[in-house]
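Asker: Here you go, this is target_3.cif (mmCIF, C-alpha atoms).
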```
data_data
loop_
_atom_site.group_PDB
_atom_site.id
_atom_site.type_symbol
_atom_site.label_atom_id
_atom_site.label_comp_id
_atom_site.auth_asym_id
_atom_site.auth_seq_id
_atom_site.Cartn_x
_atom_site.Cartn_y
_atom_site.Cartn_z
ATOM 1 C CA MET A 28 0.000 0.000 0.000
ATOM 2 C CA PRO A 29 1.499 3.376 -0.906
ATOM 3 C CA MET A 30 2.258 5.738 1.900
ATOM 4 C CA ALA A 31 -0.620 8.069 2.518
ATOM 5 C CA ARG A 32 1.474 10.944 3.731
ATOM 6 C CA ARG A 33 5.078 11.741 3.281
ATOM 7 C CA VAL A 34 6.490 13.557 6.253
ATOM 8 C CA LYS A 35 10.219 13.889 6.646
ATOM 9 C CA GLY A 36 11.603 11.705 9.380
ATOM 10 C CA GLU A 37 8.349 9.964 10.190
ATOM 11 C CA LEU A 38 9.101 6.711 8.435
ATOM 12 C CA SER A 39 11.410 4.137 9.979
ATOM 13 C CA GLU A 40 14.479 3.021 8.075
ATOM 14 C CA ALA A 41 13.092 -0.493 7.562
ATOM 15 C CA ASP A 42 9.711 0.762 6.306
ATOM 16 C CA LEU A 43 11.406 3.196 3.964
ATOM 17 C CA LEU A 44 13.565 0.440 2.481
ATOM 18 C CA ASP A 45 10.587 -1.841 1.999
ATOM 19 C CA ALA A 46 8.682 0.918 0.289
ATOM 20 C CA LEU A 47 11.637 1.754 -1.964
ATOM 21 C CA ARG A 48 11.978 -1.876 -2.971
ATOM 22 C CA ARG A 49 8.298 -2.027 -3.828
ATOM 23 C CA GLY A 50 8.894 0.976 -6.065
ATOM 24 C CA ASP A 51 6.701 3.282 -3.999
ATOM 25 C CA ARG A 52 7.272 6.726 -5.530
ATOM 26 C CA GLN A 53 6.560 8.526 -2.267
ATOM 27 C CA ALA A 54 9.438 6.613 -0.718
ATOM 28 C CA PHE A 55 11.817 7.961 -3.351
ATOM 29 C CA ALA A 56 10.764 11.464 -2.416
ATOM 30 C CA VAL A 57 11.308 10.704 1.282
ATOM 31 C CA ALA A 58 14.804 9.394 0.565
ATOM 32 C CA ILE A 59 15.661 12.579 -1.328
ATOM 33 C CA ASP A 60 14.474 14.794 1.502
ATOM 34 C CA ARG A 61 16.185 12.677 4.126
ATOM 35 C CA CYS A 62 19.626 12.386 2.512
ATOM 36 C CA GLY A 63 19.740 15.048 -0.211
ATOM 37 C CA ASP A 64 21.128 17.959 1.806
ATOM 38 C CA THR A 65 24.217 16.094 2.958
ATOM 39 C CA ILE A 66 24.845 14.667 -0.520
ATOM 40 C CA TYR A 67 24.688 18.153 -1.982
ATOM 41 C CA HIS A 68 26.923 19.549 0.744
ATOM 42 C CA VAL A 69 29.589 16.854 0.314
ATOM 43 C CA ALA A 70 29.604 17.319 -3.456
ATOM 44 C CA TYR A 71 29.731 21.086 -3.125
ATOM 45 C CA ARG A 72 32.655 21.052 -0.697
ATOM 46 C CA LEU A 73 34.595 18.549 -2.784
ATOM 47 C CA LEU A 74 33.963 20.027 -6.216
ATOM 48 C CA GLY A 75 33.684 23.664 -5.222
ATOM 49 C CA ASN A 76 30.734 24.745 -7.328
ATOM 50 C CA ARG A 77 26.971 24.455 -7.317
ATOM 51 C CA GLU A 78 26.508 23.148 -10.872
ATOM 52 C CA GLU A 79 28.678 20.116 -10.306
ATOM 53 C CA ALA A 80 27.210 19.561 -6.858
ATOM 54 C CA GLU A 81 23.797 19.342 -8.480
ATOM 55 C CA ASP A 82 25.122 16.924 -11.118
ATOM 56 C CA ILE A 83 26.396 14.650 -8.363
ATOM 57 C CA LEU A 84 23.087 14.940 -6.513
ATOM 58 C CA GLN A 85 21.223 13.768 -9.617
ATOM 59 C CA GLU A 86 23.703 11.045 -10.547
ATOM 60 C CA THR A 87 23.660 9.685 -6.999
ATOM 61 C CA PHE A 88 19.902 9.209 -6.857
ATOM 62 C CA LEU A 89 19.664 7.927 -10.430
ATOM 63 C CA GLN A 90 22.368 5.377 -9.777
ATOM 64 C CA ALA A 91 21.068 4.409 -6.356
ATOM 65 C CA PHE A 92 17.466 3.936 -7.421
ATOM 66 C CA GLN A 93 18.582 1.829 -10.384
ATOM 67 C CA HIS A 94 20.713 -0.372 -8.154
ATOM 68 C CA LEU A 95 18.526 -0.690 -5.085
ATOM 69 C CA LYS A 96 18.849 -4.468 -5.327
ATOM 70 C CA ASP A 97 22.566 -4.153 -4.569
ATOM 71 C CA PHE A 98 21.860 -2.453 -1.243
ATOM 72 C CA ARG A 99 21.827 -5.148 1.382
ATOM 73 C CA GLY A 100 20.849 -2.951 4.276
ATOM 74 C CA GLU A 101 24.134 -3.372 6.153
ATOM 75 C CA ALA A 102 24.433 0.394 6.529
ATOM 76 C CA ARG A 103 21.856 3.141 6.799
ATOM 77 C CA LEU A 104 20.297 4.044 3.473
ATOM 78 C CA CYS A 105 21.754 7.572 3.711
ATOM 79 C CA THR A 106 25.221 6.156 4.451
ATOM 80 C CA TRP A 107 25.008 4.067 1.292
ATOM 81 C CA LEU A 108 23.905 7.106 -0.707
ATOM 82 C CA TYR A 109 26.695 9.263 0.747
ATOM 83 C CA ARG A 110 29.209 6.631 -0.280
ATOM 84 C CA ILE A 111 27.885 6.637 -3.841
ATOM 85 C CA ALA A 112 27.957 10.441 -3.922
ATOM 86 C CA TYR A 113 31.473 10.565 -2.525
ATOM 87 C CA ASN A 114 32.744 8.078 -5.113
ATOM 88 C CA LEU A 115 31.061 9.944 -7.950
ATOM 89 C CA ALA A 116 32.577 13.228 -6.776
ATOM 90 C CA LEU A 117 35.976 11.590 -6.426
ATOM 91 C CA MET A 118 35.816 10.167 -9.970
ATOM 92 C CA ARG A 119 34.922 13.560 -11.319
ATOM 93 C CA LEU A 120 37.786 15.193 -9.427
ATOM 94 C CA ARG A 121 40.233 12.636 -10.690
ATOM 95 C CA ARG A 122 39.133 13.311 -14.251
ATOM 96 C CA LYS A 123 39.679 17.018 -13.686
ATOM 97 C CA GLU A 124 42.931 16.886 -11.764
ATOM 98 C CA PRO A 125 44.332 13.380 -12.129
ATOM 99 C CA GLU A 126 47.662 13.958 -10.488
ATOM 100 C CA THR A 127 46.599 16.038 -7.528
ATOM 101 C CA ILE A 128 43.561 14.252 -6.188
ATOM 102 C CA SER A 129 43.777 11.182 -4.063
ATOM 103 C CA ILE A 130 42.007 10.306 -0.880
ATOM 104 C CA ASP A 131 44.931 8.047 -0.087
ATOM 105 C CA GLN A 132 47.503 10.730 -0.581
ATOM 106 C CA PRO A 133 50.068 10.587 2.184
ATOM 107 C CA ILE A 134 49.403 13.277 4.722
ATOM 108 C CA LEU A 135 52.559 15.079 5.662
ATOM 109 C CA LEU A 136 53.410 14.285 9.228
ATOM 110 C CA GLU A 137 55.136 17.566 9.798
ATOM 111 C CA ASN A 138 52.413 19.839 8.630
ATOM 112 C CA ASP A 139 53.196 23.241 9.961
ATOM 113 C CA GLU A 140 49.568 24.091 10.577
ATOM 114 C CA GLU A 141 48.950 21.135 12.843
ATOM 115 C CA VAL A 142 51.223 22.513 15.507
ATOM 116 C CA PRO A 143 49.402 25.458 17.025
ATOM 117 C CA ARG A 144 51.395 28.663 16.559
ATOM 118 C CA GLU A 145 48.840 31.420 16.610
ATOM 119 C CA LEU A 146 47.693 31.866 20.194
ATOM 120 C CA PHE A 147 45.495 34.909 19.756
ATOM 121 C CA ASP A 148 42.406 34.223 21.857
ATOM 122 C CA TRP A 149 39.330 34.882 19.739
ATOM 123 C CA CYS A 150 37.139 32.167 21.215
ATOM 124 C CA CYS A 151 34.910 34.357 23.275
ATOM 125 C CA LEU A 152 34.457 37.382 21.063
ATOM 126 C CA PRO A 153 30.827 38.298 20.497
ATOM 127 C CA GLU A 154 29.320 36.729 17.424
ATOM 128 C CA GLU A 155 28.592 40.094 15.779
ATOM 129 C CA GLU A 156 32.278 40.830 15.912
ATOM 130 C CA LEU A 157 33.101 37.580 14.173
ATOM 131 C CA LEU A 158 30.338 38.010 11.639
ATOM 132 C CA ARG A 159 31.519 41.473 10.787
ATOM 133 C CA ALA A 160 34.787 39.901 9.800
ATOM 134 C CA GLU A 161 33.210 38.285 6.732
ATOM 135 C CA LEU A 162 33.044 35.063 8.595
ATOM 136 C CA ARG A 163 31.437 32.929 5.934
ATOM 137 C CA SER A 164 33.994 33.580 3.246
ATOM 138 C CA VAL A 165 36.757 33.022 5.779
ATOM 139 C CA LEU A 166 35.246 29.679 6.760
ATOM 140 C CA ASP A 167 34.840 28.693 3.104
ATOM 141 C CA GLU A 168 38.365 29.617 2.211
ATOM 142 C CA ALA A 169 39.854 27.802 5.188
ATOM 143 C CA ILE A 170 38.022 24.565 4.490
ATOM 144 C CA ARG A 171 38.878 24.776 0.782
ATOM 145 C CA SER A 172 42.530 24.946 1.706
ATOM 146 C CA LEU A 173 42.423 21.608 3.531
ATOM 147 C CA PRO A 174 43.707 18.533 1.711
ATOM 148 C CA MET A 175 40.747 16.563 0.388
ATOM 149 C CA SER A 176 41.374 13.612 2.673
ATOM 150 C CA LEU A 177 41.011 15.860 5.746
ATOM 151 C CA ARG A 178 38.278 18.074 4.333
ATOM 152 C CA VAL A 179 35.842 15.252 3.696
ATOM 153 C CA VAL A 180 36.290 13.837 7.202
ATOM 154 C CA PHE A 181 35.752 17.224 8.829
ATOM 155 C CA LEU A 182 32.635 17.953 6.848
ATOM 156 C CA LEU A 183 31.025 14.579 7.447
ATOM 157 C CA ARG A 184 31.925 14.360 11.139
ATOM 158 C CA ASP A 185 31.793 17.913 12.409
ATOM 159 C CA MET A 186 29.515 19.712 9.999
ATOM 160 C CA GLU A 187 27.096 16.913 9.134
ATOM 161 C CA GLY A 188 27.331 15.229 12.523
ATOM 162 C CA LEU A 189 27.836 11.656 11.280
ATOM 163 C CA SER A 190 29.433 9.085 13.571
ATOM 164 C CA THR A 191 33.043 7.969 13.278
ATOM 165 C CA GLU A 192 31.887 4.508 12.151
ATOM 166 C CA GLU A 193 29.606 5.920 9.491
ATOM 167 C CA VAL A 194 32.347 8.149 8.083
ATOM 168 C CA ALA A 195 34.728 5.170 8.037
ATOM 169 C CA GLN A 196 32.150 3.196 6.016
ATOM 170 C CA ILE A 197 31.592 6.007 3.545
ATOM 171 C CA LEU A 198 35.279 6.629 2.923
ATOM 172 C CA GLY A 199 36.391 3.016 3.186
ATOM 173 C CA ILE A 200 39.015 3.779 5.841
ATOM 174 C CA SER A 201 39.495 2.668 9.455
ATOM 175 C CA THR A 202 37.863 4.443 12.389
ATOM 176 C CA ASP A 203 41.344 5.280 13.689
ATOM 177 C CA ALA A 204 42.138 6.991 10.403
ATOM 178 C CA VAL A 205 38.891 8.979 10.695
ATOM 179 C CA LYS A 206 39.857 10.155 14.191
ATOM 180 C CA THR A 207 43.392 11.113 13.174
ATOM 181 C CA ARG A 208 42.237 12.989 10.107
ATOM 182 C CA LEU A 209 39.505 14.773 12.032
ATOM 183 C CA HIS A 210 41.993 15.996 14.618
ATOM 184 C CA ARG A 211 44.373 17.230 11.934
ATOM 185 C CA ALA A 212 41.588 18.963 10.077
ATOM 186 C CA ARG A 213 40.395 20.733 13.218
ATOM 187 C CA LEU A 214 43.870 21.960 14.102
ATOM 188 C CA GLN A 215 44.553 23.205 10.584
ATOM 189 C CA LEU A 216 41.250 25.050 10.446
ATOM 190 C CA ARG A 217 41.801 26.500 13.910
ATOM 191 C CA GLU A 218 45.205 27.766 12.841
ATOM 192 C CA ARG A 219 43.800 29.399 9.713
ATOM 193 C CA LEU A 220 40.943 31.071 11.565
ATOM 194 C CA SER A 221 43.264 32.174 14.349
ATOM 195 C CA ARG A 222 45.652 33.835 11.920
ATOM 196 C CA TYR A 223 42.769 35.572 10.284
ATOM 197 C CA PHE A 224 41.182 36.823 13.499
ATOM 198 C CA ALA A 225 44.539 37.824 14.958
ATOM 199 C CA GLU A 226 45.194 39.991 11.933
ATOM 200 C CA GLU A 227 41.681 41.424 11.832
ATOM 201 C CA LEU A 228 40.993 41.985 15.480
ATOM 202 C CA ARG A 229 44.251 42.266 17.382
ATOM 203 C CA GLY A 230 44.864 45.674 18.779
ATOM 204 C CA ARG A 231 41.379 47.001 18.191
ATOM 205 C CA MET C 30 57.118 31.256 21.936
ATOM 206 C CA PRO C 31 56.543 27.742 20.592
ATOM 207 C CA LEU C 32 54.549 25.275 22.658
ATOM 208 C CA SER C 33 56.469 22.718 24.699
ATOM 209 C CA LYS C 34 56.531 19.062 23.687
ATOM 210 C CA ARG C 35 54.370 18.315 26.686
ATOM 211 C CA CYS C 36 51.782 20.835 25.539
ATOM 212 C CA GLU C 37 51.828 19.367 22.051
ATOM 213 C CA GLU C 38 51.164 15.953 23.522
ATOM 214 C CA TRP C 39 48.205 17.250 25.491
ATOM 215 C CA LEU C 40 46.844 19.074 22.484
ATOM 216 C CA GLY C 41 47.028 15.801 20.569
ATOM 217 C CA GLN C 42 44.275 14.572 22.888
ATOM 218 C CA ILE C 43 41.827 17.448 22.619
ATOM 219 C CA SER C 44 39.797 15.975 19.749
ATOM 220 C CA LEU C 45 39.233 12.753 21.650
ATOM 221 C CA TYR C 46 38.311 14.839 24.687
ATOM 222 C CA LEU C 47 35.842 16.972 22.707
ATOM 223 C CA ASP C 48 34.278 13.840 21.232
ATOM 224 C CA GLY C 49 33.926 12.213 24.645
ATOM 225 C CA GLU C 50 36.329 9.434 23.730
ATOM 226 C CA LEU C 51 39.199 10.145 26.097
ATOM 227 C CA ALA C 52 39.591 7.862 29.112
ATOM 228 C CA GLU C 53 38.156 9.327 32.311
ATOM 229 C CA HIS C 54 41.479 9.669 34.185
ATOM 230 C CA LEU C 55 43.084 11.356 31.163
ATOM 231 C CA CYS C 56 40.178 13.782 30.981
ATOM 232 C CA ARG C 57 40.883 14.927 34.539
ATOM 233 C CA GLU C 58 44.592 15.313 33.777
ATOM 234 C CA LEU C 59 43.915 17.232 30.595
ATOM 235 C CA GLU C 60 41.465 19.522 32.404
ATOM 236 C CA ARG C 61 44.096 20.220 35.055
ATOM 237 C CA HIS C 62 46.644 21.015 32.369
ATOM 238 C CA LEU C 63 44.235 23.355 30.597
ATOM 239 C CA GLU C 64 43.639 25.218 33.847
ATOM 240 C CA GLU C 65 47.347 25.675 34.411
ATOM 241 C CA CYS C 66 48.480 26.400 30.865
ATOM 242 C CA PRO C 67 47.063 29.556 29.251
ATOM 243 C CA ASP C 68 48.402 28.693 25.782
ATOM 244 C CA CYS C 69 46.773 25.271 25.689
ATOM 245 C CA HIS C 70 43.635 26.849 27.103
ATOM 246 C CA VAL C 71 43.495 29.201 24.117
ATOM 247 C CA VAL C 72 44.131 26.412 21.622
ATOM 248 C CA PHE C 73 41.459 24.264 23.226
ATOM 249 C CA ASN C 74 38.841 27.017 23.303
ATOM 250 C CA THR C 75 39.509 28.233 19.788
ATOM 251 C CA THR C 76 39.407 24.663 18.451
ATOM 252 C CA ARG C 77 36.024 24.140 20.063
ATOM 253 C CA ARG C 78 34.845 27.468 18.682
ATOM 254 C CA THR C 79 36.114 26.559 15.206
ATOM 255 C CA ILE C 80 33.934 23.456 15.204
ATOM 256 C CA GLU C 81 30.928 25.422 16.481
ATOM 257 C CA LEU C 82 31.296 28.088 13.807
ATOM 258 C CA TYR C 83 31.454 25.539 11.018
ATOM 259 C CA ARG C 84 28.444 23.734 12.407
ATOM 260 C CA GLN C 85 26.503 26.945 12.639
ATOM 261 C CA TYR C 86 27.535 28.767 9.487
ATOM 262 C CA GLY C 87 29.312 26.301 7.232
ATOM 263 C CA ARG C 88 26.528 23.985 6.134
ATOM 264 C CA VAL C 89 25.200 24.152 2.611
ATOM 265 C CA SER C 90 21.763 22.703 1.827
ATOM 266 C CA MET C 91 20.391 21.481 -1.462
ATOM 267 C CA PRO C 92 18.775 24.565 -3.022
ATOM 268 C CA GLY C 93 15.033 24.453 -3.666
ATOM 269 C CA GLU C 94 15.521 24.623 -7.448
ATOM 270 C CA ALA C 95 18.024 21.769 -7.379
ATOM 271 C CA ARG C 96 15.538 19.674 -5.425
ATOM 272 C CA GLU C 97 12.837 20.525 -7.921
ATOM 273 C CA ARG C 98 14.997 19.558 -10.909
ATOM 274 C CA LEU C 99 15.911 16.296 -9.186
ATOM 275 C CA PHE C 100 12.233 15.449 -8.653
ATOM 276 C CA ARG C 101 11.556 16.159 -12.332
ATOM 277 C CA THR C 102 14.506 14.037 -13.477
ATOM 278 C CA LEU C 103 13.104 11.132 -11.474
ATOM 279 C CA ASN C 104 9.543 11.759 -12.703
ATOM 280 C CA LEU C 105 8.403 12.644 -9.213
ATOM 281 C CA GLU C 106 7.226 16.182 -9.985
ATOM 282 C CA ASP C 107 3.675 15.435 -8.835
ATOM 283 C CA LEU C 108 5.111 14.885 -5.329
ATOM 284 C CA LEU C 109 6.921 18.205 -5.121
ATOM 285 C CA ARG C 110 4.206 19.935 -3.130
ATOM 286 C CA ASP C 111 4.184 17.342 -0.369
ATOM 287 C CA GLU C 112 7.344 18.666 1.208
ATOM 288 C CA SER C 113 7.508 18.692 5.004
ATOM 289 C CA GLY C 114 3.894 17.776 5.419
ATOM 290 C CA SER C 115 2.550 21.137 4.308
ATOM 291 C CA GLY C 116 0.427 19.655 1.480
#
```
Could you rewrite the structure in this file as structure tokens?

Answerer:
Amino acid sequence: MPMARRVKGELSEADLLDALRRGDRQAFAVAIDRCGDTIYHVAYRLLGNREEAEDILQETFLQAFQHLKDFRGEARLCTWLYRIAYNLALMRLRRKEPETISIDQPILLENDEEVPRELFDWCCLPEEELLRAELRSVLDEAIRSLPMSLRVVFLLRDMEGLSTEEVAQILGISTDAVKTRLHRARLQLRERLSRYFAEELRGR
Amino acid sequence: MPLSKRCEEWLGQISLYLDGELAEHLCRELERHLEECPDCHVVFNTTRRTIELYRQYGRVSMPGEARERLFRTLNLEDLLRDESGSG
């Protein structure tokens, strides 16, 4: 029986899967609304523009809905979709910049930005002060500067709030690697923001 | 002045601490260190604030038009109005 009403979040994972497998069109719409934002966000942060993010969004759902039989329900539906989206984005990046893009690229152990240098204390400044400092573009630029392998972990864990295990499944790496990369990403971003705020706000 | 090796070691634990994954006795030790060491205190607080700012301002959602085009691509356009139970 098709779902009478489609309300985001109301349907359990198991019911949603059943409905998808039956080809219930409402279920497809629920899946889009449940997982679409994160897919778009991941694609946008990896590829850097809205057109390509939308391409990945479309390709992900087209591919996933065509291959629903392959999904064995070992992970959450969204996790499976994020993994498809991530792989599609990665393939596209590799086509664009074959020699620079690799999730497995060795991460330099002695990265200068992972040892805190800038100790300007901006943590407790009022939000208006931070916002005045063109915060959004600063945040965007800092995250863009992260190596891909760190960027994707930070955005899935800290911005999208996924668990360590889920991120490990999506990226196909160990949970220890997720934790290490997350820590490095946080320290690098902190350093970038600190330099920026120190320059902007020190001595005011 | 650069941070001491000891400080660097403590700062290596702050992500686990923030994620609630650091062993209880190490949490207490780290907290004591943060109270005593102003530099580590700053690094800790600004790291936490970095995460908060990204959570608050860094997310990008699928735009309404992109959602609409996706529904059309999948021949679901008749379901577009149902969003968030308003229909």

Asker: Which residues match the PyMOL selection byres ((chain C) within 7 of (chain A)) in the file above, as a PDB file with C-alpha atoms, in the coordinates of the input?

Answerer:
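This is the output file out10.pdb:
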```
ATOM      1  CA  PRO C  31      56.543  27.742  20.592  1.00  0.00           C
ATOM      2  CA  SER C  44      39.797  15.975  19.749  1.00  0.00           C
ATOM      3  CA  ASP C  68      48.402  28.693  25.782  1.00  0.00           C
ATOM      4  CA  VAL C  71      43.495  29.201  24.117  1.00  0.00           C
ATOM      5  CA  VAL C  72      44.131  26.412  21.622  1.00  0.00           C
ATOM      6  CA  ASN C  74      38.841  27.017  23.303  1.00  0.00           C
ATOM      7  CA  THR C  75      39.509  28.233  19.788  1.00  0.00           C
ATOM      8  CA  THR C  76      39.407  24.663  18.451  1.00  0.00           C
ATOM      9  CA  ARG C  78      34.845  27.468  18.682  1.00  0.00           C
ATOM     10  CA  THR C  79      36.114  26.559  15.206  1.00  0.00           C
ATOM     11  CA  ILE C  80      33.934  23.456  15.204  1.00  0.00           C
ATOM     12  CA  TYR C  83      31.454  25.539  11.018  1.00  0.00           C
ATOM     13  CA  ARG C  84      28.444  23.734  12.407  1.00  0.00           C
ATOM     14  CA  TYR C  86      27.535  28.767   9.487  1.00  0.00           C
ATOM     15  CA  GLY C  87      29.312  26.301   7.232  1.00  0.00           C
ATOM     16  CA  ARG C  88      26.528  23.985   6.134  1.00  0.00           C
ATOM     17  CA  VAL C  89      25.200  24.152   2.611  1.00  0.00           C
ATOM     18  CA  SER C  90      21.763  22.703   1.827  1.00  0.00           C
ATOM     19  CA  MET C  91      20.391  21.481  -1.462  1.00  0.00           C
ATOM     20  CA  ALA C  95      18.024  21.769  -7.379  1.00  0.00           C
ATOM     21  CA  LEU C  99      15.911  16.296  -9.186  1.00  0.00           C
ATOM     22  CA  ASP C 111       4.184  17.342  -0.369  1.00  0.00           C
ATOM     23  CA  SER C 113       7.508  18.692   5.004  1.00  0.00           C
ATOM     24  CA  GLY C 114       3.894  17.776   5.419  1.00  0.00           C
TER      25      GLY C 114
END
```

Asker: When you count only C-alpha atoms, which of these residues is closest to Tyr113 of chain A: A:Ala169, A:Ala225, A:Leu152, A:Val194?

Answerer: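 For Tyr113 of chain A, the nearest of the given residues is A:Val194.
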
Asker: Care to translate the PyMOL selection byres ((chain C and resi 59) around 12) into actual residues of this file, as a compact mmCIF listing (two decimals) with C-alpha atoms, in the frame of the given file?

Answerer:
```
# COMPACT_ATOMS: atom_id res chain seq x y z
CA ARG C 35 54.37 18.32 26.69
CA CYS C 36 51.78 20.84 25.54
CA GLU C 37 51.83 19.37 22.05
CA GLU C 38 51.16 15.95 23.52
CA TRP C 39 48.20 17.25 25.49
CA LEU C 40 46.84 19.07 22.48
CA GLY C 41 47.03 15.80 20.57
CA GLN C 42 44.28 14.57 22.89
CA ILE C 43 41.83 17.45 22.62
CA SER C 44 39.80 15.98 19.75
CA LEU C 45 39.23 12.75 21.65
CA TYR C 46 38.31 14.84 24.69
CA LEU C 47 35.84 16.97 22.71
CA LEU C 51 39.20 10.14 26.10
CA ALA C 52 39.59 7.86 29.11
CA GLU C 53 38.16 9.33 32.31
CA HIS C 54 41.48 9.67 34.18
CA LEU C 55 43.08 11.36 31.16
CA CYS C 56 40.18 13.78 30.98
CA ARG C 57 40.88 14.93 34.54
CA GLU C 58 44.59 15.31 33.78
CA GLU C 60 41.46 19.52 32.40
CA ARG C 61 44.10 20.22 35.06
CA HIS C 62 46.64 21.02 32.37
CA LEU C 63 44.24 23.36 30.60
CA GLU C 64 43.64 25.22 33.85
CA GLU C 65 47.35 25.68 34.41
CA CYS C 66 48.48 26.40 30.86
CA CYS C 69 46.77 25.27 25.69
CA HIS C 70 43.64 26.85 27.10
CA PHE C 73 41.46 24.26 23.23
```

Asker: Separation of atom CA of Glu79 of chain A and atom CA of Arg110 of chain C, in Å?

Answerer: 25.5 Å

Asker: Hey, can you check how far atom CA of Leu108 of chain A sits from atom CA of Glu81 of chain C?

Answerer: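 Here the two named atoms are 26.1 Å from each other.
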
Asker: Rank A:Ala112, A:Ala195, A:Cys105, A:Ile83 by their smallest atom-to-atom distance to Leu44 of chain A, using all atoms listed in the file, and report the top residue only.

Answerer: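 So, comparing all the options, the nearest one is A:Cys105.
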
Asker: Could you work out an axis-aligned bounding box for all listed atoms of segment 34-43 of chain C, with 5 Å added on each of the six sides, and give its centre and edge lengths in Å to one decimal, as lines of an AutoDock Vina configuration file?

Answerer:
```
center_x = 49.2
center_y = 17.7
center_z = 23.6
size_x = 24.7
size_y = 16.3
size_z = 16.1
```

Asker: One number please: atom CA of Ala91 of chain A to atom CA of Leu104 of chain A, in Å, one decimal.

Answerer: 9.9 Å
